[in-house]
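structure32.cif follows; it contains mmCIF, C-alpha atoms and all ligand atoms.
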data_model
loop_
_atom_site.label_atom_id
_atom_site.label_comp_id
_atom_site.auth_asym_id
_atom_site.auth_seq_id
_atom_site.Cartn_x
_atom_site.Cartn_y
_atom_site.Cartn_z
CA MET A 1 156.12 97.54 133.69
CA ILE A 2 152.77 98.25 131.95
CA GLN A 3 151.60 96.39 128.87
CA PHE A 4 148.36 97.13 127.06
CA SER A 5 147.44 94.50 124.45
CA HIS A 6 144.50 95.26 122.16
CA VAL A 7 142.52 96.98 124.86
CA THR A 8 139.03 98.18 124.00
CA LYS A 9 136.76 99.83 126.53
CA THR A 10 133.07 100.39 125.95
CA TYR A 11 131.17 102.17 128.71
CA GLU A 12 127.69 101.03 129.73
CA ASP A 13 126.02 103.53 127.41
CA ASN A 14 127.80 101.90 124.45
CA TRP A 15 130.38 104.68 124.18
CA LYS A 16 133.67 103.28 122.99
CA ALA A 17 136.28 105.23 124.98
CA LEU A 18 139.32 103.12 123.97
CA SER A 19 139.74 101.14 120.79
CA ASP A 20 142.36 98.43 120.31
CA VAL A 21 145.05 100.16 122.37
CA THR A 22 148.41 98.41 122.40
CA CYS A 23 151.44 99.97 124.09
CA ARG A 24 154.15 99.32 126.59
CA ILE A 25 155.53 101.57 129.32
CA HIS A 26 158.90 100.54 130.64
CA LYS A 27 160.19 100.55 134.20
CA GLY A 28 161.71 103.94 135.06
CA GLU A 29 160.17 105.76 132.11
CA PHE A 30 158.46 109.14 132.20
CA VAL A 31 155.63 109.05 129.65
CA PHE A 32 153.19 111.78 128.72
CA LEU A 33 149.64 110.91 127.79
CA THR A 34 148.12 113.52 125.51
CA GLY A 35 145.08 114.00 123.30
CA HIS A 36 141.96 116.12 123.04
CA SER A 37 139.34 116.30 125.76
CA GLY A 38 137.40 113.03 125.67
CA ALA A 39 140.21 111.19 123.84
CA GLY A 40 140.39 108.50 126.55
CA LYS A 41 143.35 109.56 128.72
CA SER A 42 141.61 109.21 132.07
CA THR A 43 140.05 105.96 130.92
CA LEU A 44 143.49 104.57 130.03
CA LEU A 45 144.85 105.55 133.47
CA LYS A 46 141.79 104.01 135.17
CA MET A 47 142.63 100.78 133.39
CA VAL A 48 146.08 100.79 134.99
CA TYR A 49 144.69 101.13 138.52
CA MET A 50 141.87 98.77 137.53
CA ASP A 51 139.02 101.14 138.23
CA GLU A 52 137.87 100.00 134.79
CA ARG A 53 138.63 96.78 132.91
CA PRO A 54 138.88 96.07 129.18
CA ASP A 55 135.82 94.73 127.34
CA GLU A 56 135.92 91.01 128.05
CA ASP A 57 134.50 89.94 124.71
CA ARG A 58 137.31 91.69 122.78
CA GLY A 59 140.15 89.76 124.37
CA GLY A 60 142.16 92.83 125.43
CA GLN A 61 144.51 92.62 128.37
CA ILE A 62 146.59 94.82 130.66
CA MET A 63 149.57 93.56 132.59
CA VAL A 64 151.09 95.65 135.37
CA LYS A 65 154.37 94.19 136.55
CA PHE A 66 156.12 95.84 139.49
CA THR A 67 158.55 93.00 140.26
CA PRO A 68 158.73 89.37 139.11
CA ASP A 69 156.66 88.48 142.21
CA SER A 70 154.18 91.30 141.84
CA VAL A 71 152.29 91.02 138.57
CA TYR A 72 148.67 92.04 137.96
CA ASP A 73 146.79 90.80 134.92
CA SER A 74 143.47 92.50 134.14
CA LYS A 75 142.05 89.13 133.15
CA THR A 76 142.80 87.38 136.43
CA THR A 77 143.18 90.05 139.14
CA LYS A 78 140.30 89.74 141.57
CA ASP A 79 138.50 92.84 142.81
CA SER A 80 139.76 91.91 146.28
CA SER A 81 143.38 92.34 145.06
CA ILE A 82 142.95 95.79 143.60
CA GLN A 83 143.79 97.57 146.87
CA GLN A 84 147.05 95.63 146.95
CA LEU A 85 147.80 96.75 143.37
CA ARG A 86 147.11 100.39 144.26
CA ARG A 87 149.34 100.26 147.31
CA GLN A 88 152.28 99.83 144.97
CA MET A 89 151.47 102.97 143.03
CA GLY A 90 150.63 106.59 143.70
CA ILE A 91 147.85 108.50 141.96
CA VAL A 92 147.55 112.26 141.59
CA PHE A 93 144.40 113.94 140.27
CA GLN A 94 143.64 117.38 138.94
CA ASP A 95 141.46 118.20 141.95
CA PHE A 96 143.91 117.08 144.68
CA LYS A 97 141.36 115.01 146.66
CA LEU A 98 142.83 115.79 150.10
CA LEU A 99 140.88 114.88 153.23
CA GLY A 100 139.44 118.20 154.40
CA ASP A 101 139.21 117.26 158.07
CA ARG A 102 142.88 116.26 158.47
CA ASN A 103 145.97 118.41 158.44
CA VAL A 104 148.78 118.13 155.90
CA PHE A 105 150.86 115.74 158.00
CA GLU A 106 147.90 113.43 158.58
CA ASN A 107 146.89 113.43 154.90
CA VAL A 108 150.33 112.17 153.96
CA ALA A 109 150.74 109.86 156.97
CA LEU A 110 147.48 108.11 156.14
CA ALA A 111 149.00 106.72 152.95
CA LEU A 112 151.66 105.02 155.09
CA ARG A 113 149.24 103.75 157.72
CA ILE A 114 147.21 102.10 154.93
CA VAL A 115 150.23 100.16 153.69
CA GLY A 116 151.16 99.09 157.23
CA THR A 117 154.32 101.15 157.72
CA ARG A 118 155.79 100.84 161.22
CA ALA A 119 154.68 103.71 163.47
CA LYS A 120 158.22 104.85 164.20
CA ASP A 121 159.01 105.20 160.49
CA ILE A 122 155.98 107.32 159.66
CA ARG A 123 157.19 110.71 160.89
CA PRO A 124 160.59 110.70 159.12
CA MET A 125 159.04 109.42 155.89
CA VAL A 126 156.31 112.09 155.92
CA TYR A 127 158.88 114.79 156.67
CA GLU A 128 161.05 113.64 153.79
CA ALA A 129 158.11 113.64 151.35
CA LEU A 130 156.98 117.10 152.47
CA ALA A 131 160.54 118.40 152.09
CA LEU A 132 160.76 116.97 148.55
CA VAL A 133 157.68 118.92 147.48
CA GLY A 134 158.81 122.01 149.42
CA ILE A 135 155.95 122.25 151.87
CA SER A 136 157.43 121.22 155.23
CA GLN A 137 156.47 124.48 156.93
CA LYS A 138 152.76 123.82 156.28
CA ARG A 139 152.66 120.39 157.87
CA LEU A 140 150.16 121.38 160.56
CA SER A 141 147.89 123.38 158.23
CA MET A 142 144.44 122.26 157.18
CA PRO A 143 143.94 121.77 153.42
CA TYR A 144 141.36 124.59 153.07
CA THR A 145 143.97 127.13 154.21
CA LEU A 146 146.36 126.16 151.39
CA SER A 147 146.61 127.54 147.85
CA GLY A 148 145.91 125.21 144.92
CA GLY A 149 149.63 124.77 144.23
CA GLU A 150 150.26 123.92 147.87
CA GLN A 151 147.40 121.43 147.95
CA GLN A 152 148.73 119.70 144.86
CA ARG A 153 152.17 119.40 146.46
CA VAL A 154 150.58 117.73 149.47
CA ALA A 155 148.73 115.37 147.12
CA ILE A 156 152.02 114.51 145.41
CA ALA A 157 153.73 113.94 148.77
CA ARG A 158 150.87 111.60 149.71
CA ALA A 159 151.16 109.74 146.40
CA MET A 160 154.90 109.08 146.72
CA VAL A 161 155.57 108.89 150.47
CA HIS A 162 155.52 105.06 150.35
CA ASN A 163 158.07 105.00 147.50
CA PRO A 164 155.75 103.47 144.90
CA TYR A 165 157.06 101.82 141.76
CA LEU A 166 154.63 103.82 139.66
CA LEU A 167 153.08 107.27 139.79
CA LEU A 168 149.98 107.99 137.70
CA ALA A 169 149.03 111.64 137.29
CA ASP A 170 145.79 112.68 135.63
CA GLU A 171 146.08 116.31 134.56
CA PRO A 172 147.95 117.23 137.76
CA THR A 173 148.58 120.84 136.76
CA GLY A 174 145.14 121.51 135.27
CA ASN A 175 144.06 123.70 138.19
CA LEU A 176 147.37 125.49 138.68
CA ASP A 177 148.81 128.76 137.41
CA PRO A 178 151.82 128.50 135.05
CA ASP A 179 154.46 128.98 137.77
CA ASN A 180 152.96 126.35 140.04
CA ALA A 181 152.47 124.03 137.08
CA LYS A 182 156.17 124.32 136.23
CA GLU A 183 157.16 123.60 139.82
CA VAL A 184 154.91 120.57 140.01
CA PHE A 185 156.42 119.26 136.77
CA SER A 186 159.91 119.74 138.24
CA ILE A 187 158.88 117.72 141.28
CA PHE A 188 157.66 114.92 139.00
CA LYS A 189 160.97 114.92 137.14
CA GLU A 190 162.82 114.67 140.45
CA ILE A 191 160.62 111.75 141.56
CA ASN A 192 161.27 110.04 138.21
CA ALA A 193 165.02 110.63 138.55
CA ARG A 194 164.83 108.69 141.83
CA GLY A 195 163.51 105.69 139.91
CA THR A 196 159.72 105.91 139.95
CA THR A 197 157.95 105.26 136.64
CA ILE A 198 155.60 108.15 135.80
CA VAL A 199 152.62 108.33 133.46
CA MET A 200 151.21 111.84 133.25
CA ALA A 201 148.12 112.89 131.32
CA THR A 202 148.42 116.54 130.38
CA HIS A 203 147.10 119.22 128.04
CA ASN A 204 150.14 121.43 128.65
CA PRO A 205 152.36 121.58 125.54
CA ASP A 206 155.05 123.47 127.50
CA PHE A 207 155.81 120.15 129.15
CA TYR A 208 155.71 117.65 126.33
CA LEU A 209 157.11 119.80 123.52
CA ASN A 210 160.24 120.73 125.46
CA SER A 211 161.13 117.50 127.10
CA PRO A 212 162.92 114.33 126.09
CA PHE A 213 160.20 112.05 127.45
CA ARG A 214 158.06 109.84 125.26
CA ARG A 215 154.54 110.88 124.45
CA LEU A 216 151.58 108.60 123.86
CA THR A 217 148.76 110.38 122.04
CA LEU A 218 145.14 109.29 121.97
CA SER A 219 142.56 110.49 119.46
CA HIS A 220 138.96 109.38 119.88
CA GLY A 221 140.12 106.34 121.85
CA THR A 222 142.76 105.25 119.36
CA LEU A 223 146.46 105.41 120.14
CA LEU A 224 148.30 107.30 117.40
CA ASN A 225 151.68 105.80 118.33
CA ARG A 226 151.87 102.59 116.36
CA ASP A 227 155.59 102.00 116.65
CA ILE A 228 155.81 101.15 120.32
CA LEU A 229 155.97 97.38 120.41
N1 LIG B 301 131.73 106.38 133.19
C1 LIG B 301 131.54 106.72 131.91
N2 LIG B 301 130.40 106.37 131.26
C2 LIG B 301 130.20 106.69 129.97
N3 LIG B 301 131.10 107.37 129.21
C3 LIG B 301 132.25 107.74 129.81
C4 LIG B 301 132.53 107.45 131.18
N4 LIG B 301 133.75 107.94 131.47
C5 LIG B 301 134.21 108.52 130.35
N5 LIG B 301 133.31 108.40 129.34
C6 LIG B 301 133.46 108.89 127.97
O1 LIG B 301 134.62 108.29 127.42
C7 LIG B 301 135.34 109.23 126.63
C8 LIG B 301 136.76 109.34 127.17
O2 LIG B 301 136.70 109.94 128.45
P1 LIG B 301 138.01 110.27 129.28
O3 LIG B 301 137.58 110.82 130.59
O4 LIG B 301 138.87 109.07 129.31
O5 LIG B 301 138.71 111.40 128.37
P2 LIG B 301 139.99 112.31 128.65
O6 LIG B 301 140.92 112.13 127.50
O7 LIG B 301 140.50 112.04 130.01
O8 LIG B 301 139.36 113.78 128.57
P3 LIG B 301 139.77 115.13 129.39
O9 LIG B 301 140.99 115.67 128.73
O10 LIG B 301 138.58 116.02 129.17
O11 LIG B 301 139.96 114.74 130.81
C9 LIG B 301 134.57 110.54 126.72
O12 LIG B 301 133.78 110.65 125.54
C10 LIG B 301 133.71 110.39 127.94
O13 LIG B 301 132.50 111.10 127.83
MG MG B 302 140.61 113.14 131.72
#
Spell out the structure here as structure tokens.
Amino acid sequence: MIQFSHVTKTYEDNWKALSDVTCRIHKGEFVFLTGHSGAGKSTLLKMVYMDERPDEDRGGQIMVKFTPDSVYDSKTTKDSSIQQLRRQMGIVFQDFKLLGDRNVFENVALALRIVGTRAKDIRPMVYEALALVGISQKRLSMPYTLSGGEQQRVAIARAMVHNPYLLLADEPTGNLDPDNAKEVFSIFKEINARGTTIVMATHNPDFYLNSPFRRLTLSHGTLLNRDIL
């Protein structure tokens, strides 16, 4: 599903954020991404949704393959195709990023309107996503009236309402108290059990130390897992 081959990323100021990263994430997997602050976790995720690209002169490459007909190669994907790539995934951030001037229903529905879902399908799909994250009763609320945990559930509903192949989560529980963090993790496990591949960057050892899922660890831009391929 995702293949990193010798990916190096140097930011404009000459800071090398990733160094020769090679790894593979399989379809249906739940993978943790761990490592100290500044290790390169967010950079690695940005590479998957092609907000950043590998250094061209180092020959690194990322392949994202959703289906045999839907393959994105960092070397050949045009900027104009990136929206299409992102429509097949969901992304959840630490700071929720909800639209403040739209209610919960509209925040989630927008993700379907963008991908061209038929109008009559939108309501049932939004209701199902809100039910999965346990927030149906708040569907007409504005984001600023919600707690952090509630806002993150809405953000997760928005990220998965279109049944993406892949869910990327960058520190999704970083702003939540321990109970809410646990609940959000449970929701991710449920989404994964339904078939969606999940890559989750986290600092929370309660998750990765007590779970069967694989863990990729970065240290100063280098992947410590050398046995993946
Ligand atoms: N746009 C940028 N320009 C220059 N340097 C950057 C940029 N983005 C990130 N970096 C640097 O690259 C390194 C990796 O950053 P990244 O955000 O990927 O780390 P992280 O593992 O996600 O950290 P955290 O756990 O704090 O979120 C850091 O040293 C950071 O300062
Ligand atoms: Mg980060």
(request) Residues within 6 Å of ligand LIG 301 (chain B) should be enumerated using only C-alpha atoms and all ligand atoms and returned as a PyMOL selection string. (result) chain A and resi 11+13+15+17+36-43
(message) Can you tell me which residues surround Leu44 in chain A at a distance of at most 9 Å, considering all atoms listed in the file, apart from same-chain residues fewer than 4 positions away, and format the answer as JSON, numbers by chain?
(response) {"A": [9, 17, 18, 21, 40, 48, 52]}
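Using all atoms listed in the file, the protein and nucleic acid residues lying no more than 6 Å from range 130-147 of chain A, apart from those fewer than 2 places from it along its own chain, are Gly100, Asn103, Val104, Phe105, Tyr127, Glu128, Gly149, Glu150, Gln151, Arg153 and Ala157 of chain A.
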(request) Record the distance separating CA of Ala111 in chain A and CA of Thr67 in chain A, expressed in Å with one decimal. (result)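 Those two atoms sit 21.0 Å apart.
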(request) Pick out the closest residue to ligand MG 302 (chain B) from this set: A:Pro178, A:Pro172, A:Gly148, A:Gly195. Count all atoms listed in the file. (result) A:Pro172
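Nearest to ligand MG 302 (chain B) of all the residues A:Asp57, A:Glu190, A:Glu171, A:Asp177 is A:Glu171, counting all atoms listed in the file.
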(request) Please measure the separation of CA of Ala155 in chain A and CA of Pro124 in chain A, giving the value in Å to one decimal. (result)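 CA of Pro124 in chain A lies at a distance of 17.5 Å from CA of Ala155 in chain A.
Around Asp55 in chain A, within 8 Å and counting all atoms listed in the file, the residues found are A:Val7, A:Thr8, A:Lys9, A:Thr10, once anything fewer than 6 positions away on its own chain is removed.
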(request) Please measure the separation of CA of Lys75 in chain A and CA of Ser5 in chain A, giving the value in Å to one decimal. (result) 11.6 Å
(message) Taking 4 positions as the minimum chain separation for residues in the same chain, which residues sit within 6 Å of range 208-218 of chain A when counting all atoms listed in the file? Answer as a count of residues only.
(response) 10
(message) Given the point (154.4, 100.8, 132.7) in the file's coordinates, find the residues that have an atom at most 8 Å from it, counting all atoms listed in the file, and give them as a list in words.
(response) Met1, Ile2, Gln3, Arg24, Ile25, His26, Lys27, Glu29, Val64, Lys65, Leu166, Thr197 and Val199 of chain A
What's around Lys182 in chain A at 9 Å? Count only C-alpha atoms, leave out sequence neighbours fewer than 4 positions away in its own chain, and write the answer as a compact mmCIF listing (two decimals) with C-alpha atoms, in the coordinates of the input.
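Output saved as result07.txt:
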# COMPACT_ATOMS: atom_id res chain seq x y z
CA THR A 173 148.58 120.84 136.76
CA ASP A 177 148.81 128.76 137.41
CA PRO A 178 151.82 128.50 135.05
CA SER A 186 159.91 119.74 138.24
CA ILE A 187 158.88 117.72 141.28
CA ASP A 206 155.05 123.47 127.50
CA PHE A 207 155.81 120.15 129.15
